[in-house]
$ cat final.tsv   # TSV, N, CA and C atoms
chain	number	residue	atom	x	y	z
A	1	MET	N	35.14	-16.46	10.52
A	1	MET	CA	33.97	-16.63	11.36
A	1	MET	C	33.00	-15.46	11.20
A	2	LYS	N	33.56	-14.23	11.09
A	2	LYS	CA	32.69	-13.06	10.92
A	2	LYS	C	31.91	-13.16	9.61
A	3	GLN	N	32.58	-13.62	8.56
A	3	GLN	CA	31.90	-13.74	7.27
A	3	GLN	C	30.75	-14.75	7.37
A	4	PHE	N	30.98	-15.86	8.04
A	4	PHE	CA	29.93	-16.86	8.22
A	4	PHE	C	28.74	-16.27	8.98
A	5	LEU	N	29.00	-15.53	10.03
A	5	LEU	CA	27.93	-14.91	10.81
A	5	LEU	C	27.17	-13.88	9.98
A	6	ASN	N	27.88	-13.09	9.19
A	6	ASN	CA	27.23	-12.10	8.33
A	6	ASN	C	26.32	-12.77	7.31
A	7	ILE	N	26.79	-13.84	6.71
A	7	ILE	CA	25.98	-14.55	5.70
A	7	ILE	C	24.75	-15.17	6.37
A	8	THR	N	24.95	-15.78	7.53
A	8	THR	CA	23.84	-16.40	8.25
A	8	THR	C	22.80	-15.35	8.66
A	9	LEU	N	23.28	-14.25	9.20
A	9	LEU	CA	22.37	-13.18	9.61
A	9	LEU	C	21.60	-12.62	8.42
A	10	THR	N	22.27	-12.41	7.31
A	10	THR	CA	21.61	-11.91	6.10
A	10	THR	C	20.55	-12.89	5.63
A	11	ALA	N	20.85	-14.17	5.65
A	11	ALA	CA	19.88	-15.19	5.21
A	11	ALA	C	18.67	-15.19	6.13
A	12	LEU	N	18.89	-15.07	7.43
A	12	LEU	CA	17.77	-15.07	8.37
A	12	LEU	C	16.89	-13.83	8.22
A	13	VAL	N	17.50	-12.70	7.90
A	13	VAL	CA	16.74	-11.47	7.71
A	13	VAL	C	15.90	-11.55	6.45
A	14	MET	N	16.44	-12.13	5.40
A	14	MET	CA	15.74	-12.20	4.12
A	14	MET	C	14.70	-13.32	4.09
A	15	LEU	N	14.80	-14.30	4.94
A	15	LEU	CA	13.89	-15.43	4.93
A	15	LEU	C	12.43	-15.03	5.06
A	16	PRO	N	12.04	-14.16	6.01
A	16	PRO	CA	10.62	-13.79	6.11
A	16	PRO	C	10.12	-12.97	4.92
A	17	ALA	N	11.04	-12.38	4.14
A	17	ALA	CA	10.62	-11.56	3.01
A	17	ALA	C	10.22	-12.41	1.81
A	18	GLY	N	10.46	-13.71	1.86
A	18	GLY	CA	10.13	-14.59	0.76
A	18	GLY	C	8.63	-14.80	0.63
A	19	CYS	N	8.25	-15.49	-0.40
A	19	CYS	CA	6.85	-15.76	-0.66
A	19	CYS	C	6.36	-16.90	0.22
A	20	ALA	N	5.06	-16.98	0.40
A	20	ALA	CA	4.49	-17.95	1.32
A	20	ALA	C	4.03	-19.24	0.65
A	21	THR	N	4.45	-19.51	-0.57
A	21	THR	CA	4.09	-20.76	-1.22
A	21	THR	C	4.78	-21.91	-0.49
A	22	PRO	N	4.07	-23.01	-0.19
A	22	PRO	CA	4.64	-24.08	0.61
A	22	PRO	C	5.93	-24.67	0.06
A	23	SER	N	5.96	-25.08	-1.19
A	23	SER	CA	7.18	-25.63	-1.76
A	23	SER	C	7.09	-25.65	-3.27
A	24	ARG	N	8.24	-25.77	-3.89
A	24	ARG	CA	8.29	-25.79	-5.34
A	24	ARG	C	7.60	-27.04	-5.88
A	25	ASP	N	7.81	-28.18	-5.24
A	25	ASP	CA	7.19	-29.42	-5.70
A	25	ASP	C	5.67	-29.35	-5.64
A	26	THR	N	5.13	-28.75	-4.60
A	26	THR	CA	3.68	-28.62	-4.47
A	26	THR	C	3.10	-27.81	-5.62
A	27	ALA	N	3.78	-26.74	-6.01
A	27	ALA	CA	3.28	-25.88	-7.07
A	27	ALA	C	3.32	-26.58	-8.42
A	28	GLN	N	4.17	-27.60	-8.58
A	28	GLN	CA	4.30	-28.26	-9.87
A	28	GLN	C	3.40	-29.48	-10.00
A	29	ASN	N	2.69	-29.87	-8.96
A	29	ASN	CA	1.78	-31.01	-9.05
A	29	ASN	C	0.66	-30.71	-10.02
A	30	SER	N	0.04	-31.77	-10.52
A	30	SER	CA	-1.03	-31.57	-11.49
A	30	SER	C	-2.23	-30.90	-10.83
A	31	GLY	N	-3.05	-30.32	-11.65
A	31	GLY	CA	-4.23	-29.61	-11.17
A	31	GLY	C	-4.26	-28.23	-11.77
A	32	PRO	N	-5.39	-27.55	-11.62
A	32	PRO	CA	-5.51	-26.21	-12.20
A	32	PRO	C	-4.56	-25.23	-11.51
A	33	THR	N	-4.03	-24.31	-12.29
A	33	THR	CA	-3.12	-23.30	-11.76
A	33	THR	C	-3.52	-21.92	-12.27
A	34	GLU	N	-3.09	-20.91	-11.56
A	34	GLU	CA	-3.29	-19.51	-11.95
A	34	GLU	C	-2.02	-18.75	-11.63
A	35	THR	N	-1.98	-17.50	-12.03
A	35	THR	CA	-0.83	-16.63	-11.79
A	35	THR	C	-1.07	-15.73	-10.60
A	36	CYS	N	-0.10	-15.66	-9.70
A	36	CYS	CA	-0.14	-14.67	-8.62
A	36	CYS	C	0.45	-13.39	-9.20
A	37	HIS	N	-0.40	-12.42	-9.51
A	37	HIS	CA	0.05	-11.20	-10.18
A	37	HIS	C	0.95	-10.34	-9.29
A	38	VAL	N	0.81	-10.46	-7.98
A	38	VAL	CA	1.68	-9.69	-7.07
A	38	VAL	C	3.10	-10.23	-7.17
A	39	CYS	N	3.26	-11.55	-7.13
A	39	CYS	CA	4.59	-12.14	-7.24
A	39	CYS	C	5.18	-11.89	-8.63
A	40	LYS	N	4.35	-11.94	-9.65
A	40	LYS	CA	4.84	-11.66	-11.00
A	40	LYS	C	5.34	-10.22	-11.09
A	41	PHE	N	4.61	-9.29	-10.52
A	41	PHE	CA	5.02	-7.88	-10.51
A	41	PHE	C	6.33	-7.71	-9.75
A	42	ASN	N	6.50	-8.46	-8.66
A	42	ASN	CA	7.70	-8.34	-7.82
A	42	ASN	C	8.83	-9.26	-8.29
A	43	TYR	N	8.66	-9.92	-9.43
A	43	TYR	CA	9.66	-10.84	-9.99
A	43	TYR	C	10.01	-11.96	-9.02
A	44	ASP	N	9.05	-12.42	-8.24
A	44	ASP	CA	9.23	-13.55	-7.35
A	44	ASP	C	8.79	-14.79	-8.11
A	45	LEU	N	9.67	-15.30	-8.96
A	45	LEU	CA	9.31	-16.35	-9.89
A	45	LEU	C	8.97	-17.67	-9.21
A	46	ALA	N	9.41	-17.86	-7.97
A	46	ALA	CA	9.10	-19.10	-7.26
A	46	ALA	C	7.61	-19.19	-6.93
A	47	CYS	N	6.92	-18.07	-6.90
A	47	CYS	CA	5.51	-18.07	-6.46
A	47	CYS	C	4.54	-17.66	-7.55
A	48	VAL	N	4.99	-17.45	-8.76
A	48	VAL	CA	4.09	-16.94	-9.80
A	48	VAL	C	2.99	-17.94	-10.12
A	49	CYS	N	3.33	-19.21	-10.21
A	49	CYS	CA	2.35	-20.24	-10.55
A	49	CYS	C	1.72	-20.79	-9.27
A	50	VAL	N	0.41	-20.62	-9.14
A	50	VAL	CA	-0.31	-21.01	-7.93
A	50	VAL	C	-1.22	-22.20	-8.25
A	51	ARG	N	-1.06	-23.28	-7.51
A	51	ARG	CA	-1.95	-24.43	-7.66
A	51	ARG	C	-3.25	-24.14	-6.92
A	52	LEU	N	-4.36	-24.27	-7.61
A	52	LEU	CA	-5.66	-23.91	-7.03
A	52	LEU	C	-6.22	-25.02	-6.16
A	53	LYS	N	-6.64	-24.61	-4.96
A	53	LYS	CA	-7.33	-25.50	-4.02
A	53	LYS	C	-8.48	-24.68	-3.43
A	54	ASP	N	-9.31	-25.33	-2.65
A	54	ASP	CA	-10.41	-24.60	-2.00
A	54	ASP	C	-9.88	-23.52	-1.06
A	55	SER	N	-8.70	-23.73	-0.50
A	55	SER	CA	-8.13	-22.78	0.46
A	55	SER	C	-7.25	-21.71	-0.17
A	56	THR	N	-7.12	-21.71	-1.50
A	56	THR	CA	-6.26	-20.72	-2.17
A	56	THR	C	-6.83	-19.32	-1.99
A	57	PRO	N	-6.01	-18.37	-1.50
A	57	PRO	CA	-6.50	-16.99	-1.36
A	57	PRO	C	-6.94	-16.43	-2.71
A	58	ARG	N	-8.05	-15.69	-2.71
A	58	ARG	CA	-8.60	-15.14	-3.96
A	58	ARG	C	-9.39	-13.89	-3.67
A	59	THR	N	-9.63	-13.12	-4.71
A	59	THR	CA	-10.52	-11.96	-4.62
A	59	THR	C	-11.09	-11.70	-6.00
A	60	GLU	N	-12.19	-10.98	-6.04
A	60	GLU	CA	-12.77	-10.57	-7.32
A	60	GLU	C	-12.50	-9.10	-7.54
A	61	TYR	N	-12.17	-8.77	-8.78
A	61	TYR	CA	-11.95	-7.38	-9.17
A	61	TYR	C	-12.49	-7.20	-10.58
A	62	GLN	N	-13.40	-6.29	-10.75
A	62	GLN	CA	-14.04	-6.00	-12.03
A	62	GLN	C	-14.60	-7.28	-12.67
A	63	GLY	N	-15.23	-8.12	-11.85
A	63	GLY	CA	-15.89	-9.32	-12.36
A	63	GLY	C	-14.97	-10.49	-12.65
A	64	ILE	N	-13.69	-10.39	-12.34
A	64	ILE	CA	-12.73	-11.46	-12.59
A	64	ILE	C	-12.17	-11.93	-11.25
A	65	THR	N	-12.06	-13.24	-11.09
A	65	THR	CA	-11.46	-13.79	-9.87
A	65	THR	C	-9.96	-13.92	-10.07
A	66	TYR	N	-9.21	-13.39	-9.11
A	66	TYR	CA	-7.75	-13.47	-9.10
A	66	TYR	C	-7.31	-14.32	-7.92
A	67	TYR	N	-6.27	-15.14	-8.13
A	67	TYR	CA	-5.78	-16.06	-7.11
A	67	TYR	C	-4.37	-15.64	-6.70
A	68	PHE	N	-4.00	-16.02	-5.46
A	68	PHE	CA	-2.72	-15.59	-4.90
A	68	PHE	C	-2.04	-16.73	-4.17
A	69	CYS	N	-0.73	-16.61	-4.03
A	69	CYS	CA	0.05	-17.64	-3.34
A	69	CYS	C	-0.10	-17.52	-1.83
A	70	SER	N	-0.51	-16.36	-1.33
A	70	SER	CA	-0.61	-16.16	0.12
A	70	SER	C	-1.63	-15.07	0.42
A	71	ASP	N	-2.03	-15.02	1.68
A	71	ASP	CA	-2.93	-13.95	2.12
A	71	ASP	C	-2.25	-12.60	2.05
A	72	ASP	N	-0.92	-12.57	2.24
A	72	ASP	CA	-0.18	-11.31	2.14
A	72	ASP	C	-0.26	-10.74	0.72
A	73	CYS	N	-0.08	-11.60	-0.28
A	73	CYS	CA	-0.17	-11.14	-1.68
A	73	CYS	C	-1.60	-10.67	-1.99
A	74	ARG	N	-2.59	-11.38	-1.47
A	74	ARG	CA	-3.97	-10.97	-1.68
A	74	ARG	C	-4.21	-9.59	-1.09
A	75	ALA	N	-3.71	-9.34	0.12
A	75	ALA	CA	-3.90	-8.05	0.78
A	75	ALA	C	-3.23	-6.92	-0.01
A	76	GLU	N	-2.05	-7.19	-0.55
A	76	GLU	CA	-1.36	-6.17	-1.37
A	76	GLU	C	-2.15	-5.86	-2.63
A	77	PHE	N	-2.69	-6.90	-3.27
A	77	PHE	CA	-3.48	-6.72	-4.48
A	77	PHE	C	-4.73	-5.89	-4.20
A	78	VAL	N	-5.42	-6.19	-3.11
A	78	VAL	CA	-6.66	-5.49	-2.77
A	78	VAL	C	-6.40	-4.00	-2.56
A	79	LYS	N	-5.23	-3.64	-2.03
A	79	LYS	CA	-4.90	-2.22	-1.81
A	79	LYS	C	-4.77	-1.46	-3.12
A	80	GLN	N	-4.12	-2.07	-4.12
A	80	GLN	CA	-3.86	-1.40	-5.40
A	80	GLN	C	-3.93	-2.39	-6.57
A	81	PRO	N	-5.10	-2.86	-6.93
A	81	PRO	CA	-5.19	-3.89	-7.96
A	81	PRO	C	-4.60	-3.48	-9.31
A	82	ASP	N	-4.82	-2.24	-9.72
A	82	ASP	CA	-4.32	-1.81	-11.03
A	82	ASP	C	-2.80	-1.81	-11.11
A	83	ARG	N	-2.15	-1.73	-9.99
A	83	ARG	CA	-0.68	-1.75	-9.97
A	83	ARG	C	-0.16	-3.11	-10.43
A	84	TYR	N	-0.88	-4.16	-10.11
A	84	TYR	CA	-0.38	-5.52	-10.34
A	84	TYR	C	-0.90	-6.18	-11.61
A	85	LEU	N	-1.92	-5.62	-12.21
A	85	LEU	CA	-2.48	-6.22	-13.42
A	85	LEU	C	-1.70	-5.78	-14.65
A	86	PRO	N	-1.64	-6.64	-15.66
A	86	PRO	CA	-0.96	-6.26	-16.90
A	86	PRO	C	-1.63	-5.03	-17.52
A	87	LYS	N	-0.83	-4.16	-18.06
A	87	LYS	CA	-1.36	-2.96	-18.72
A	87	LYS	C	-1.92	-3.35	-20.07
A	88	PRO	N	-3.08	-2.78	-20.45
A	88	PRO	CA	-3.63	-3.10	-21.77
A	88	PRO	C	-2.70	-2.59	-22.87
A	89	ALA	N	-2.69	-3.31	-23.95
A	89	ALA	CA	-1.86	-2.90	-25.08
A	89	ALA	C	-2.34	-1.55	-25.61
A	90	GLN	N	-1.41	-0.67	-25.82
A	90	GLN	CA	-1.78	0.64	-26.33
A	90	GLN	C	-1.87	0.58	-27.85
A	91	ASN	N	-2.78	1.38	-28.37
A	91	ASN	CA	-2.96	1.44	-29.81
A	91	ASN	C	-1.77	2.18	-30.42
A	92	ILE	N	-0.96	1.47	-31.20
A	92	ILE	CA	0.23	2.10	-31.77
A	92	ILE	C	-0.08	2.85	-33.07
A	93	HIS	N	-1.26	2.61	-33.59
A	93	HIS	CA	-1.65	3.31	-34.81
A	93	HIS	C	-2.48	4.54	-34.44
A	94	ARG	N	-1.99	5.68	-34.77
A	94	ARG	CA	-2.74	6.90	-34.47
A	94	ARG	C	-3.21	7.53	-35.78
A	95	VAL	N	-4.38	8.06	-35.69
A	95	VAL	CA	-4.92	8.76	-36.85
A	95	VAL	C	-4.40	10.17	-36.80
A	96	LEU	N	-3.68	10.55	-37.83
A	96	LEU	CA	-3.15	11.90	-37.88
A	96	LEU	C	-4.11	12.78	-38.63
A	97	ARG	N	-4.41	13.88	-38.01
A	97	ARG	CA	-5.31	14.82	-38.68
A	97	ARG	C	-4.46	15.79	-39.49
A	98	SER	N	-4.96	16.05	-40.62
A	98	SER	CA	-4.27	17.00	-41.48
A	98	SER	C	-4.62	18.41	-41.01
A	99	THR	N	-3.60	19.22	-40.88
A	99	THR	CA	-3.85	20.62	-40.44
A	99	THR	C	-4.06	21.52	-41.63
A	100	SER	N	-3.86	21.02	-42.83
A	100	SER	CA	-4.07	21.87	-44.01
A	100	SER	C	-5.53	21.79	-44.43
A	101	PRO	N	-6.05	22.88	-44.99
A	101	PRO	CA	-7.46	22.89	-45.42
A	101	PRO	C	-7.75	21.99	-46.59

$ encode --input "final.tsv" --output "C-alpha cells"
Amino acid sequence: MKQFLNITLTALVMLPAGCATPSRDTAQNSGPTETCHVCKFNYDLACVCVRLKDSTPRTEYQGITYYFCSDDCRAEFVKQPDRYLPKPAQNIHRVLRSTSP
C-alpha cells in the first residue's frame, strides 16, 4: 500500500511539471506546424511539434516569429531567447598564420 501511495504521490507532483500541449492526437493533425524551442531544449519531446492556430502563443525575436506550445514556454523564451535557439555552426576551418618570416 505504501508503494502505491508513493507512486501516486510522485505522479501527482510531476503532473503540473509537464507541457501544456492539449494532446498528442491534436499535435499530429494536419495543418502547419512549428517547433517549440523551449520544449526541444528541455527534451520534452511530447511538445516539440506545435500545430499552428490563431491562438498559438508566439513572439518575435530578431525579425523571426517563434511559436510555443504554451504561454509558459513563451515566457521562458522571452526571458532568455539565446538559451533556447540552436547555436550557429562554428567555422571548423581556421586560417593558420605562419609565425616564420

$ residues_around --input "final.tsv" --residues "A:Tyr84" --least-positions-apart "2" --cutoff "6.5 Å" --atoms "only N, CA and C atoms" --output "list in words"
His37, Val38, Phe41, Gln80, Pro81, Asp82 and Pro86 of chain A

$ atom_distance --input "final.tsv" --atom1 "atom N of A:Arg58" --atom2 "atom N of A:Ala75"
8.2 Å

$ atom_distance --input "final.tsv" --atom1 "atom N of A:Lys87" --atom2 "atom C of A:Cys36"
12.9 Å

$ atom_distance --input "final.tsv" --atom1 "atom C of A:Lys79" --atom2 "atom CA of A:Lys53"
24.2 Å
